[in-house]
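Peer 1: Here you go, structure_9.tsv (TSV, C-alpha atoms):
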chain	number	residue	atom	x	y	z
A	6	MET	CA	-14.58	-2.49	3.91
A	7	ARG	CA	-15.92	1.01	3.36
A	8	GLN	CA	-13.90	4.04	4.26
A	9	THR	CA	-15.28	7.53	4.70
A	10	ARG	CA	-13.04	10.51	4.34
A	11	GLY	CA	-13.72	14.18	4.45
A	12	SER	CA	-12.57	16.45	1.64
A	13	TYR	CA	-12.90	20.04	0.55
A	14	THR	CA	-16.11	19.20	-1.32
A	15	GLY	CA	-17.70	17.30	1.54
A	16	THR	CA	-17.66	13.72	2.74
A	17	HIS	CA	-17.53	10.88	0.27
A	18	THR	CA	-17.23	7.11	0.51
A	19	ARG	CA	-14.85	4.94	-1.45
A	20	GLU	CA	-14.61	1.17	-1.46
A	21	ALA	CA	-11.20	-0.25	-0.51
A	22	PRO	CA	-10.03	-2.77	-3.10
A	23	ASP	CA	-10.01	-6.49	-2.56
A	24	LEU	CA	-6.42	-7.30	-1.68
A	25	SER	CA	-6.96	-11.07	-1.44
A	26	TRP	CA	-5.04	-11.87	-4.63
A	27	VAL	CA	-2.25	-9.54	-3.50
A	28	ASP	CA	-2.16	-11.42	-0.18
A	29	SER	CA	-1.99	-14.74	-2.04
A	30	LEU	CA	0.82	-13.64	-4.34
A	31	THR	CA	2.70	-12.06	-1.44
A	32	ASN	CA	2.38	-15.29	0.54
A	33	LEU	CA	3.64	-17.31	-2.44
A	34	MET	CA	6.63	-15.01	-2.92
A	35	ASP	CA	7.61	-14.51	0.73
A	36	SER	CA	6.27	-17.17	3.11
A	37	ARG	CA	4.48	-20.11	1.44
A	38	PHE	CA	6.91	-22.79	2.66
A	39	LYS	CA	8.02	-23.68	6.16
A	40	LEU	CA	11.40	-25.08	7.10
A	41	PRO	CA	10.57	-28.37	8.90
A	42	GLY	CA	11.05	-28.30	12.66
A	43	THR	CA	11.17	-24.48	12.78
A	44	ASN	CA	8.89	-21.48	12.48
A	45	PHE	CA	11.03	-20.09	9.63
A	46	ARG	CA	9.00	-19.41	6.50
A	47	PHE	CA	10.14	-18.55	2.98
A	48	GLY	CA	8.62	-18.27	-0.47
A	49	LEU	CA	9.57	-18.34	-4.13
A	50	ASP	CA	11.51	-15.06	-4.00
A	51	PRO	CA	14.69	-16.52	-2.47
A	52	ILE	CA	14.35	-19.66	-4.59
A	53	LEU	CA	14.10	-17.58	-7.77
A	54	GLY	CA	17.12	-15.64	-6.54
A	55	LEU	CA	19.19	-18.80	-6.93
A	56	ILE	CA	18.84	-18.43	-10.72
A	57	PRO	CA	21.43	-15.76	-11.58
A	58	GLY	CA	19.96	-12.64	-13.17
A	59	ILE	CA	16.72	-14.08	-14.50
A	60	GLY	CA	15.41	-15.11	-11.06
A	61	ASP	CA	16.15	-11.69	-9.54
A	62	ALA	CA	14.59	-9.91	-12.52
A	63	THR	CA	11.46	-12.11	-12.28
A	64	SER	CA	11.09	-11.39	-8.56
A	65	LEU	CA	11.53	-7.68	-9.23
A	66	LEU	CA	8.84	-7.75	-11.94
A	67	ILE	CA	6.38	-9.52	-9.63
A	68	SER	CA	7.06	-7.04	-6.82
A	69	GLY	CA	6.70	-4.18	-9.31
A	70	SER	CA	3.33	-5.51	-10.46
A	71	LEU	CA	2.11	-5.60	-6.85
A	72	ILE	CA	3.20	-1.98	-6.39
A	73	PHE	CA	1.49	-1.02	-9.65
A	74	TYR	CA	-1.76	-2.64	-8.47
A	75	MET	CA	-1.59	-0.75	-5.19
A	76	TYR	CA	-0.90	2.48	-7.09
A	77	ARG	CA	-3.95	1.87	-9.30
A	78	HIS	CA	-6.04	1.56	-6.16
A	79	GLY	CA	-5.06	4.85	-4.59
A	80	ALA	CA	-1.72	4.45	-2.86
A	81	SER	CA	-0.34	7.81	-1.86
A	82	ARG	CA	3.08	9.13	-2.83
A	83	LYS	CA	4.46	8.36	0.64
A	84	ALA	CA	3.19	4.76	0.55
A	85	MET	CA	4.58	4.31	-2.96
A	86	ILE	CA	8.02	5.59	-1.95
A	87	LEU	CA	8.12	3.27	1.07
A	88	MET	CA	7.06	0.26	-1.01
A	89	VAL	CA	9.55	1.00	-3.79
A	90	GLY	CA	12.30	1.42	-1.21
A	91	ASN	CA	11.57	-2.07	0.13
A	92	VAL	CA	11.64	-3.60	-3.35
A	93	LEU	CA	14.80	-1.75	-4.40
A	94	LEU	CA	16.64	-2.80	-1.26
A	95	ASP	CA	15.55	-6.39	-1.86
A	96	ALA	CA	16.58	-6.24	-5.54
A	97	ILE	CA	19.94	-4.57	-5.02
A	98	ILE	CA	21.16	-6.64	-2.07
A	99	GLY	CA	19.42	-9.76	-3.39
A	100	SER	CA	21.44	-9.60	-6.61
A	101	ILE	CA	24.76	-9.99	-4.74
A	102	PRO	CA	25.91	-13.62	-5.06
A	103	ILE	CA	25.59	-15.71	-1.87
A	104	LEU	CA	24.99	-12.73	0.47
A	105	GLY	CA	21.95	-11.76	-1.59
A	106	ASN	CA	20.53	-15.28	-1.42
A	107	ILE	CA	20.79	-15.26	2.37
A	108	PHE	CA	19.26	-11.78	2.49
A	109	ASP	CA	16.34	-12.91	0.28
A	110	PHE	CA	15.38	-15.59	2.79
A	111	ALA	CA	15.17	-13.05	5.64
A	112	TYR	CA	13.95	-9.81	4.04
A	113	LYS	CA	10.40	-10.11	2.82
A	114	ALA	CA	9.77	-6.94	0.81
A	115	ASN	CA	6.34	-7.97	-0.48
A	116	GLU	CA	5.05	-8.70	3.03
A	117	ARG	CA	6.37	-5.33	4.19
A	118	ASN	CA	4.60	-3.66	1.27
A	119	ILE	CA	1.24	-5.31	1.92
A	120	ARG	CA	1.47	-4.17	5.56
A	121	ILE	CA	2.14	-0.60	4.37
A	122	MET	CA	-0.85	-0.77	2.03
A	123	LYS	CA	-3.23	-2.25	4.61
A	124	ARG	CA	-2.20	0.38	7.15
A	125	HIS	CA	-2.68	3.00	4.43
A	126	TYR	CA	-6.27	1.82	3.87
A	127	GLN	CA	-7.04	1.52	7.57
A	128	GLU	CA	-5.98	5.15	8.04
A	129	GLY	CA	-8.22	6.19	5.13
A	130	LYS	CA	-5.35	7.72	3.14
A	131	TYR	CA	-5.91	5.81	-0.07
A	132	GLN	CA	-7.07	8.66	-2.26
A	133	GLY	CA	-3.67	10.15	-3.02
A	134	LYS	CA	-2.02	10.36	-6.41
A	135	GLY	CA	1.46	9.11	-7.21
A	136	THR	CA	1.62	9.47	-11.01
A	137	GLY	CA	5.06	11.06	-11.13
A	138	VAL	CA	6.35	8.57	-8.62
A	139	LEU	CA	4.97	5.70	-10.70
A	140	ILE	CA	6.81	6.89	-13.80
A	141	MET	CA	10.01	7.19	-11.78
A	142	ILE	CA	9.44	3.73	-10.31
A	143	GLY	CA	8.99	2.20	-13.75
A	144	LEU	CA	12.19	3.75	-15.03
A	145	VAL	CA	14.19	2.76	-11.96
A	146	LEU	CA	12.85	-0.81	-12.05
A	147	LEU	CA	13.70	-1.14	-15.74
A	148	GLY	CA	17.18	0.22	-15.05
A	149	ILE	CA	17.74	-2.20	-12.17
A	150	ILE	CA	16.51	-5.16	-14.22
A	151	GLY	CA	18.91	-4.11	-16.97
A	152	LEU	CA	21.81	-3.83	-14.51
A	153	ILE	CA	21.03	-7.23	-12.99
A	154	LEU	CA	20.91	-8.88	-16.41
A	155	TRP	CA	24.09	-7.05	-17.56
A	156	GLY	CA	25.93	-7.98	-14.35
A	157	THR	CA	24.90	-11.60	-14.72
A	158	TRP	CA	26.08	-11.62	-18.36
A	159	GLU	CA	29.44	-10.12	-17.35
A	160	LEU	CA	29.88	-12.62	-14.50
A	161	VAL	CA	29.07	-15.60	-16.72
A	162	SER	CA	31.40	-14.26	-19.46
A	163	TRP	CA	34.19	-13.79	-16.94
A	164	LEU	CA	33.70	-17.28	-15.51
A	165	PHE	CA	33.57	-18.81	-18.99
A	166	ALA	CA	36.77	-17.00	-20.03
A	167	GLY	CA	38.45	-18.18	-16.82
A	168	LEU	CA	37.47	-21.78	-17.49
A	169	GLN	CA	38.82	-21.56	-21.05
A	170	THR	CA	42.20	-20.24	-19.97
A	171	GLY	CA	42.42	-22.84	-17.19
A	172	PHE	CA	42.34	-25.72	-19.66
Would you encode the structure as structure tokens?

Peer 2:
Amino acid sequence: MRQTRGSYTGTHTREAPDLSWVDSLTNLMDSRFKLPGTNFRFGLDPILGLIPGIGDATSLLISGSLIFYMYRHGASRKAMILMVGNVLLDAIIGSIPILGNIFDFAYKANERNIRIMKRHYQEGKYQGKGTGVLIMIGLVLLGIIGLILWGTWELVSWLFAGLQTGF
């Protein structure tokens, strides 16, 4: 798909990136499997979320890599902020035991992000820069991963201490 966009220096053409691998990974994470007898679809994201801490951190890293790819291919600041908001909401609520697992089955952040990116390309807005936003995203994602892992460690320690005093 070729997009033409006017600029201050004239009109130029830029090739939109091939998002097929992003579509494949998004499908794997959010909607690869179908619940038999229903139209309900889910992917690896909610399944990984069943592994305390590590599963949520892995899902967050995969979502972050998709955002990074989209950034490298011209996502604007607005698109980046919207995509990061989806992933952060998914990571924060998804890390809450039980409620987060239910939320992960319904909220498909990666699918939402690919729709934002495709709309972004269709509108011809893919030549923006988001460097500062990307640095902020990286720091926030690292902080959230750290909090998830710390919270998991604390929960396991608390449960282990409770089991020891119960015997």

Peer 1: Name the residues in contact with Leu53 (chain A) at a cut-off of 9 Å, using only C-alpha atoms, excluding same-chain residues fewer than 5 positions from it; report them as a list of chain:residue names.

Peer 2: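 Contacts, with the query itself left out: A:Ile59, A:Gly60, A:Asp61, A:Thr63, A:Ser64.
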
Peer 1: Which of these residues is nearest to Lys83 (chain A), using all atoms listed in the file: A:Leu33, A:Ile121, A:Leu154, A:Ile140?

Peer 2: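 Among A:Leu33, A:Ile121, A:Leu154, A:Ile140, it is A:Ile121 that comes nearest to Lys83 (chain A).
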
Peer 1: Return as AutoDock Vina command-line options the box centre and box size in Å, one decimal, for an axis-aligned box around all listed atoms of region 54-62 of chain A padded by 5 Å per side.

Peer 2:
--center_x 18.0 --center_y -14.4 --center_z -10.5 --size_x 16.8 --size_y 18.9 --size_z 18.0

Peer 1: Please indicate the distance in Å from CA of Ile150 (chain A) to CA of Met75 (chain A), rounded to one decimal place.

Peer 2: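 Computed distance, CA of Ile150 (chain A) to CA of Met75 (chain A), equals 20.7 Å.
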
Peer 1: Point out the residue among A:Ile56, A:Leu160, A:Leu146, A:Ala114 with the least atom-to-atom distance to Met88 (chain A), counting all atoms listed in the file.

Peer 2: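 Selected residue with least distance to Met88 (chain A): A:Ala114.
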
Peer 1: Quick one: contact table of region 54-111 of chain A to region 125-129 of chain A, 12 Å max, nearest atom pair and distance in Å to one decimal per residue, counting all atoms listed in the file, chain and number order, as CSV?

Peer 2:
residue,atom,partner,partner_atom,distance
A:Met75,CA,A:His125,CA,10.4
A:Tyr76,CA,A:His125,CA,11.7
A:His78,CA,A:Tyr126,CA,10.0
A:Gly79,CA,A:Tyr126,CA,9.1
A:Ala80,CA,A:His125,CA,7.5
A:Ser81,CA,A:His125,CA,8.3
A:Arg82,CA,A:His125,CA,11.1
A:Lys83,CA,A:His125,CA,9.7
A:Ala84,CA,A:His125,CA,7.3
A:Met85,CA,A:His125,CA,10.4
A:Leu87,CA,A:His125,CA,11.3
A:Met88,CA,A:His125,CA,11.5

Peer 1: Which one of A:Ile149, A:Ile52, A:Ala96, A:Ile86 sits closest to Phe110 (chain A) if you count only C-alpha atoms?

Peer 2: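 Closest to Phe110 (chain A), using only C-alpha atoms: A:Ile52.
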
Peer 1: Rounded to one decimal in Å, what is the spacing between CA of Gly69 (chain A) and CA of Glu159 (chain A)?

Peer 2: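 Those two atoms sit 24.8 Å apart.
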
Peer 1: Pick out the closest residue to Asp50 (chain A) from this set: A:Val89, A:Leu94, A:Val145, A:Ala111. Count all atoms listed in the file.

Peer 2: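 For Asp50 (chain A), the nearest of the candidates is A:Ala111.
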
Peer 1: Calculated over all atoms listed in the file, which of the candidates A:Leu55, A:Pro102, A:Val92, A:Phe165 has the smallest distance to Ser68 (chain A)?

Peer 2: A:Val92

Peer 1: I'd like to know which of A:Arg37, A:Lys113, A:Lys123, A:Arg46 is closest to Asp23 (chain A), using only C-alpha atoms.

Peer 2: A:Lys123

Peer 1: Pro57 (chain A): which residues within 10 Å, counting all atoms listed in the file, same-chain residues fewer than 6 positions away excluded, as a list of chain:residue names?

Peer 2: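 These residues fall inside the cut-off: A:Ser100, A:Ile101, A:Pro102, A:Ile153, A:Leu154, A:Gly156, A:Thr157, A:Trp158, A:Leu160, A:Val161.
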
Peer 1: Take the selection from the previous step and output its residues with C-alpha atoms, as a PDB file, in the frame of the given file.

Peer 2:
ATOM      1  CA  SER A 100      21.440  -9.600  -6.610  1.00  0.00           C
ATOM      2  CA  ILE A 101      24.760  -9.990  -4.740  1.00  0.00           C
ATOM      3  CA  PRO A 102      25.910 -13.620  -5.060  1.00  0.00           C
ATOM      4  CA  ILE A 153      21.030  -7.230 -12.990  1.00  0.00           C
ATOM      5  CA  LEU A 154      20.910  -8.880 -16.410  1.00  0.00           C
ATOM      6  CA  GLY A 156      25.930  -7.980 -14.350  1.00  0.00           C
ATOM      7  CA  THR A 157      24.900 -11.600 -14.720  1.00  0.00           C
ATOM      8  CA  TRP A 158      26.080 -11.620 -18.360  1.00  0.00           C
ATOM      9  CA  LEU A 160      29.880 -12.620 -14.500  1.00  0.00           C
ATOM     10  CA  VAL A 161      29.070 -15.600 -16.720  1.00  0.00           C
TER      11      VAL A 161
END

Peer 1: Would you compute the distance between CA of Asn118 (chain A) and CA of Gly58 (chain A)? Give it in Å to one decimal.

Peer 2: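 Computed distance, CA of Asn118 (chain A) to CA of Gly58 (chain A), equals 22.9 Å.
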
Peer 1: For Asn32 (chain A), list every protein, DNA or RNA residue within 10 Å, evaluated using only C-alpha atoms, and leave out those in the same chain fewer than 4 positions away; present the list as a PyMOL selection string.

Peer 2: chain A and resi 26-28+36-38+46-49+113+115-116
